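Trainee: Before anything else, here's the structure in question.
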Amino acid sequence: MQNNFLNTKILIVDDEQANIALLEDVLENEGYTNFKSTADSRKALDLYKEFRPDLVLLDLNMPHLDGFQVMEQLSEVEKNSYAPVLVLTAQADRNTRLRALAAGARDYIEKPFDITEVVQRISNMLEIRLLHNQVRDQNQILEEKVRARTCELEETRQEAILRLGRAAEYRDNETGMHVIRMSRLSAKLAKKIGLPDEECQLILQASPMHDVGKIGIPDEILLKPGKLNEEEWVIMKKHSEIGAEILSGSRSAIMKMAESIALTHQERWDGSGYPNSLKGEEIPLAGRIVAICDVFDALTSKRYYKEAYSIEKSMGIIEQGSGKDFEPRLVEAFKEALPEMVRIVKELPDNEPADILKVYRETNTTSSAQ
Ligand SMILES: [Fe+2]
Ligand SMILES: [Fe+2]
């Protein structure tokens, strides 16, 4: 066991040079290689900070700063740990010993030294110190691992959500940028009307799945050029319920939010939407928010059945829908935030198949919190 200690770091603080010399001899004889000393207790703190010793051999009775004062300084540095101090004292009375222990000394040795005792106590203290270090290091490694795993899980979760949303959009919106843009627009609008950050974040993360139910719509309907007939519309409209069904029954807040958004994003303020013809505030707020942002993004981007409309034209259509399709308060807020909305739309164009996950990660940490 002793061998493990030989390169541990020991700091000697004693105003008497003779004591330092004696202790250095003892250490050297025992094979210790890594120690420093000072006879000026005022330098103890700086030396301690720089050298980070595993053990301090500290005299009590010294000019300028006595051992108690030095211990006080060290305990400031080691707020979350302990300063490994072995006190050397000629005042072996009970009071002094107790005071030294109370001040943070781990052990004490009476002067004049009994060399064998000094050696033994030093190695005892180093043993404890090394064990302490091992536990500390292990804790750090574990904490690091937990942190990395948590990050990985969170990322995987977000990735799964995003890819699910993308899968749904894949057939009619191949880059999947629509789901990213509309989720950012939605989080921005949520923020604009004063929803708490947590809620904005939920909307951001859940809204990419709003059209996941399109998975259940046949291509000949989903991709039909030109207008759908009545029968086809009936099928097309099922995408909200199919989506909600796919997302239903989860305990996670995001999935619950996603289910609600999938079910209600096609509802309209005046009750003319689907699937449940909900009216006004019967429609969950997230659904009302997503409804505007989904439409705005569809208008401003190119789809297989239409060209991209200008911002002005798109905003005009949204405004025309105020009180009919959309909640007037949200239309107002959207208009107020229009420059930011335009920035989001312009930043993430369809024609650049960007690193979608990177974009999403940046989105998550910044946009909703602004
Ligand atoms: Fe939809
Ligand atoms: Fe959409």
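Just remember, in the structure tokens the first chain shown is A, the second B, etc., residues are 1-based per chain, and ligands are 1-based in the order shown.
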Using only C-alpha atoms and all ligand atoms, which protein or nucleic acid residues are at most 8 Å from ligand 1, as an MDAnalysis selection string?
Mentor: chainID A and resid 210:211 214 239:240 262 265:266 294
Trainee: Export N, CA and C atoms of the chosen residues as a CSV table (one decimal), in the first residue's frame?
Mentor:
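File written: selection_6.csv
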chain,number,residue,atom,x,y,z
A,210,HIS,N,-47.8,17.2,-36.6
A,210,HIS,CA,-49.2,17.5,-36.8
A,210,HIS,C,-49.9,16.8,-37.9
A,211,ASP,N,-49.1,16.4,-39.0
A,211,ASP,CA,-49.7,15.8,-40.1
A,211,ASP,C,-49.2,14.3,-40.2
A,214,LYS,N,-51.1,11.7,-42.3
A,214,LYS,CA,-51.0,11.6,-43.7
A,214,LYS,C,-50.4,10.3,-44.2
A,239,HIS,N,-56.9,12.6,-41.9
A,239,HIS,CA,-55.5,12.6,-41.5
A,239,HIS,C,-55.4,13.1,-40.0
A,240,SER,N,-56.2,14.0,-39.6
A,240,SER,CA,-56.1,14.5,-38.2
A,240,SER,C,-56.4,13.4,-37.2
A,262,ALA,N,-52.3,17.3,-33.5
A,262,ALA,CA,-52.6,16.5,-34.7
A,262,ALA,C,-54.2,16.5,-34.9
A,265,HIS,N,-55.4,20.6,-35.5
A,265,HIS,CA,-54.8,21.7,-36.3
A,265,HIS,C,-55.6,22.1,-37.5
A,266,GLN,N,-56.6,21.2,-37.9
A,266,GLN,CA,-57.5,21.6,-39.0
A,266,GLN,C,-58.8,22.1,-38.6
A,294,ASP,N,-49.1,26.7,-39.8
A,294,ASP,CA,-49.1,25.6,-40.8
A,294,ASP,C,-49.6,26.2,-42.2
Trainee: Distance table requested - chain A against ligand 2, cut-off 10 Å, only C-alpha atoms and all ligand atoms: one row per qualifying residue with the closest atom pair and its distance in Å to one decimal, ordered by chain and rising residue number, as a Markdown table.
Mentor:
| residue | atom | partner | partner_atom_place_in_ligand_line | distance |
| --- | --- | --- | --- | --- |
| A:Gly165 | CA | ligand 2 | 1 (Fe) | 9.4 |
| A:Ala168 | CA | ligand 2 | 1 (Fe) | 9.4 |
| A:Glu169 | CA | ligand 2 | 1 (Fe) | 7.7 |
| A:Asn173 | CA | ligand 2 | 1 (Fe) | 9.3 |
| A:Gly176 | CA | ligand 2 | 1 (Fe) | 9.9 |
| A:His178 | CA | ligand 2 | 1 (Fe) | 6.7 |
| A:Val179 | CA | ligand 2 | 1 (Fe) | 6.4 |
| A:Ile180 | CA | ligand 2 | 1 (Fe) | 9.8 |
| A:Arg181 | CA | ligand 2 | 1 (Fe) | 9.6 |
| A:Met182 | CA | ligand 2 | 1 (Fe) | 7.2 |
| A:Ser183 | CA | ligand 2 | 1 (Fe) | 9.3 |
| A:Ser207 | CA | ligand 2 | 1 (Fe) | 8.9 |
| A:Pro208 | CA | ligand 2 | 1 (Fe) | 8.0 |
| A:Met209 | CA | ligand 2 | 1 (Fe) | 8.7 |
| A:His210 | CA | ligand 2 | 1 (Fe) | 6.5 |
| A:Asp211 | CA | ligand 2 | 1 (Fe) | 5.8 |
| A:Val212 | CA | ligand 2 | 1 (Fe) | 9.1 |
| A:Lys214 | CA | ligand 2 | 1 (Fe) | 9.8 |
| A:Ala262 | CA | ligand 2 | 1 (Fe) | 9.8 |
| A:His265 | CA | ligand 2 | 1 (Fe) | 8.8 |
| A:Gln266 | CA | ligand 2 | 1 (Fe) | 9.7 |
| A:Val290 | CA | ligand 2 | 1 (Fe) | 8.7 |
| A:Ala291 | CA | ligand 2 | 1 (Fe) | 8.6 |
| A:Cys293 | CA | ligand 2 | 1 (Fe) | 8.5 |
| A:Asp294 | CA | ligand 2 | 1 (Fe) | 4.9 |
| A:Val295 | CA | ligand 2 | 1 (Fe) | 7.2 |
| A:Phe296 | CA | ligand 2 | 1 (Fe) | 9.6 |
| A:Asp297 | CA | ligand 2 | 1 (Fe) | 7.9 |
| A:Ala298 | CA | ligand 2 | 1 (Fe) | 7.0 |
Trainee: So that I can see what lies close to range 61-75 of chain A, please list as an NGL selection string the residues with an atom at most 12 Å from it, counting only C-alpha atoms and leaving out residues fewer than 6 positions away in the same chain.
Mentor: :A and (12-17 or 38-49 or 52-53 or 55 or 81-92 or 96-106 or 108 or 111)
Trainee: With distances taken over only C-alpha atoms, which of A:Met255, A:His132, A:Glu76, A:Met125 is nearest to Ala160 in chain A?
Mentor: A:Met255
Trainee: If you run DSSP on this backbone, which residues of range 293-327 of chain A come out as alpha helix (DSSP H), and could you give them as number ranges by chain?
Mentor: A: 293-300, 311-320
Trainee: Now that the selection is made, can you save its residues with C-alpha atoms as a JSON list (two decimals), in the first residue's frame?
Mentor:
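Dumped to result_2.json:
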[["chain", "number", "residue", "atom", "x", "y", "z"],
["A", 293, "CYS", "CA", -48.44, 28.73, -38.81],
["A", 294, "ASP", "CA", -49.14, 25.62, -40.84],
["A", 295, "VAL", "CA", -51.16, 27.58, -43.37],
["A", 296, "PHE", "CA", -48.72, 30.49, -43.48],
["A", 297, "ASP", "CA", -45.86, 28.16, -44.27],
["A", 298, "ALA", "CA", -47.85, 26.27, -46.86],
["A", 299, "LEU", "CA", -48.74, 29.57, -48.54],
["A", 300, "THR", "CA", -45.20, 30.92, -48.60],
["A", 311, "ILE", "CA", -45.16, 37.21, -47.91],
["A", 312, "GLU", "CA", -47.66, 40.02, -48.54],
["A", 313, "LYS", "CA", -50.12, 37.82, -50.36],
["A", 314, "SER", "CA", -49.77, 35.08, -47.74],
["A", 315, "MET", "CA", -50.23, 37.47, -44.83],
["A", 316, "GLY", "CA", -53.23, 38.93, -46.68],
["A", 317, "ILE", "CA", -54.84, 35.50, -46.90],
["A", 318, "ILE", "CA", -54.21, 34.88, -43.20],
["A", 319, "GLU", "CA", -55.77, 38.25, -42.35],
["A", 320, "GLN", "CA", -58.79, 37.48, -44.48]]
Trainee: Near range 278-283 of chain A, counting only C-alpha atoms, which residues have an atom at most 9 Å away, once you skip same-chain residues fewer than 2 positions from it, shown as a PDB file with N, CA and C atoms, in the first residue's frame?
Mentor:
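As a result, result_4.pdb now contains:
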ATOM      1  N   THR A 264     -56.353  18.673 -33.728  1.00  0.00           N
ATOM      2  CA  THR A 264     -57.094  19.942 -33.809  1.00  0.00           C
ATOM      3  C   THR A 264     -56.508  20.979 -34.767  1.00  0.00           C
ATOM      4  N   HIS A 265     -55.415  20.646 -35.467  1.00  0.00           N
ATOM      5  CA  HIS A 265     -54.788  21.689 -36.293  1.00  0.00           C
ATOM      6  C   HIS A 265     -55.625  22.050 -37.523  1.00  0.00           C
ATOM      7  N   GLU A 267     -58.991  22.310 -37.257  1.00  0.00           N
ATOM      8  CA  GLU A 267     -60.215  22.961 -36.785  1.00  0.00           C
ATOM      9  C   GLU A 267     -60.133  24.446 -37.155  1.00  0.00           C
ATOM     10  N   ARG A 268     -61.284  25.068 -37.297  1.00  0.00           N
ATOM     11  CA  ARG A 268     -61.301  26.476 -37.669  1.00  0.00           C
ATOM     12  C   ARG A 268     -62.093  27.280 -36.646  1.00  0.00           C
ATOM     13  N   TRP A 269     -61.645  28.517 -36.434  1.00  0.00           N
ATOM     14  CA  TRP A 269     -62.191  29.387 -35.383  1.00  0.00           C
ATOM     15  C   TRP A 269     -63.723  29.473 -35.429  1.00  0.00           C
ATOM     16  N   ASP A 270     -64.288  29.522 -36.666  1.00  0.00           N
ATOM     17  CA  ASP A 270     -65.743  29.672 -36.783  1.00  0.00           C
ATOM     18  C   ASP A 270     -66.478  28.323 -36.767  1.00  0.00           C
ATOM     19  N   GLY A 271     -65.743  27.260 -36.522  1.00  0.00           N
ATOM     20  CA  GLY A 271     -66.404  25.956 -36.414  1.00  0.00           C
ATOM     21  C   GLY A 271     -66.503  25.203 -37.728  1.00  0.00           C
ATOM     22  N   SER A 272     -65.871  25.764 -38.774  1.00  0.00           N
ATOM     23  CA  SER A 272     -65.996  25.129 -40.088  1.00  0.00           C
ATOM     24  C   SER A 272     -64.900  24.096 -40.379  1.00  0.00           C
ATOM     25  N   GLY A 273     -64.066  23.849 -39.366  1.00  0.00           N
ATOM     26  CA  GLY A 273     -62.957  22.921 -39.603  1.00  0.00           C
ATOM     27  C   GLY A 273     -63.314  21.474 -39.312  1.00  0.00           C
ATOM     28  N   TYR A 274     -62.310  20.635 -39.271  1.00  0.00           N
ATOM     29  CA  TYR A 274     -62.541  19.216 -38.985  1.00  0.00           C
ATOM     30  C   TYR A 274     -61.474  18.709 -38.028  1.00  0.00           C
ATOM     31  N   PRO A 275     -61.666  17.592 -37.394  1.00  0.00           N
ATOM     32  CA  PRO A 275     -62.748  16.607 -37.588  1.00  0.00           C
ATOM     33  C   PRO A 275     -63.977  16.859 -36.710  1.00  0.00           C
ATOM     34  N   ASN A 276     -63.861  17.713 -35.699  1.00  0.00           N
ATOM     35  CA  ASN A 276     -64.976  17.809 -34.747  1.00  0.00           C
ATOM     36  C   ASN A 276     -65.746  19.119 -34.801  1.00  0.00           C
ATOM     37  N   LEU A 285     -55.543  25.755 -27.515  1.00  0.00           N
ATOM     38  CA  LEU A 285     -54.726  26.880 -27.967  1.00  0.00           C
ATOM     39  C   LEU A 285     -53.606  26.446 -28.920  1.00  0.00           C
ATOM     40  N   ALA A 286     -52.944  25.342 -28.577  1.00  0.00           N
ATOM     41  CA  ALA A 286     -51.840  24.887 -29.437  1.00  0.00           C
ATOM     42  C   ALA A 286     -52.358  24.587 -30.843  1.00  0.00           C
ATOM     43  N   GLY A 287     -53.528  24.013 -30.927  1.00  0.00           N
ATOM     44  CA  GLY A 287     -54.124  23.720 -32.230  1.00  0.00           C
ATOM     45  C   GLY A 287     -54.416  24.991 -33.012  1.00  0.00           C
ATOM     46  N   ARG A 288     -54.885  26.017 -32.294  1.00  0.00           N
ATOM     47  CA  ARG A 288     -55.176  27.308 -32.948  1.00  0.00           C
ATOM     48  C   ARG A 288     -53.894  27.966 -33.462  1.00  0.00           C
ATOM     49  N   GLY A 323     -60.951  35.514 -37.662  1.00  0.00           N
ATOM     50  CA  GLY A 323     -62.340  35.425 -37.220  1.00  0.00           C
ATOM     51  C   GLY A 323     -63.116  34.327 -37.933  1.00  0.00           C
ATOM     52  N   PHE A 326     -59.126  31.627 -38.385  1.00  0.00           N
ATOM     53  CA  PHE A 326     -58.149  31.785 -37.301  1.00  0.00           C
ATOM     54  C   PHE A 326     -58.645  32.724 -36.211  1.00  0.00           C
ATOM     55  N   GLU A 327     -58.089  32.518 -35.031  1.00  0.00           N
ATOM     56  CA  GLU A 327     -58.435  33.390 -33.904  1.00  0.00           C
ATOM     57  C   GLU A 327     -57.862  34.783 -34.159  1.00  0.00           C
TER      58      GLU A 327
END
Trainee: I'd like the contact shell of Leu131 in chain A - 12 Å cut-off, only C-alpha atoms, skipping same-chain residues fewer than 5 positions apart - returned as a list in words.
Mentor: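 Contacts, with the query itself left out: Met1, Asn4, Phe5, Asp54, Asn124, Met125, Leu126, Arg136, Asp137 and Gln138 of chain A.
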Trainee: Keeping only C-alpha atoms, write the selected residues to a file as a CSV table (one decimal), in the first residue's frame.
Mentor:
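Writing the result to out01.csv gives the following:
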chain,number,residue,atom,x,y,z
A,1,MET,CA,0.0,0.0,0.0
A,4,ASN,CA,1.0,4.1,-3.8
A,5,PHE,CA,1.7,7.1,-1.7
A,54,ASP,CA,-2.7,15.6,-0.8
A,124,ASN,CA,-2.7,6.8,7.3
A,125,MET,CA,-3.8,10.2,6.2
A,126,LEU,CA,-2.6,9.6,2.7
A,136,ARG,CA,-14.5,11.7,-6.0
A,137,ASP,CA,-13.1,10.7,-9.4
A,138,GLN,CA,-15.5,7.8,-9.7
Trainee: Could you check which of A:Arg251, A:Lys191, A:Lys302, A:Arg147 is closest to Phe334 in chain A, using only C-alpha atoms?
Mentor: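 So, comparing all the options, the nearest one is A:Lys191.
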Trainee: One decimal, Å: what's the distance from CA of Ile254 in chain A over to CA of Leu162 in chain A, could you say?
Mentor: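 Computing the Euclidean distance for CA of Ile254 in chain A and CA of Leu162 in chain A yields 12.0 Å.
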Trainee: To one decimal in Å, tell me the separation between CA of Pro328 in chain A and CA of Pro284 in chain A.
Mentor: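 The value is 14.9 Å.
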Trainee: Which one of A:Asn80, A:Ala308, A:Pro196, A:Asn7 sits closest to Asp350 in chain A if you count only C-alpha atoms?
Mentor: A:Ala308
Trainee: Quick one: of A:Glu159, A:Glu78, A:Glu241, A:Glu50, who's nearest to Ile217 in chain A, counting only C-alpha atoms?
Mentor: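 Looking at the shortest contact to Ile217 in chain A, the residue is A:Glu241.
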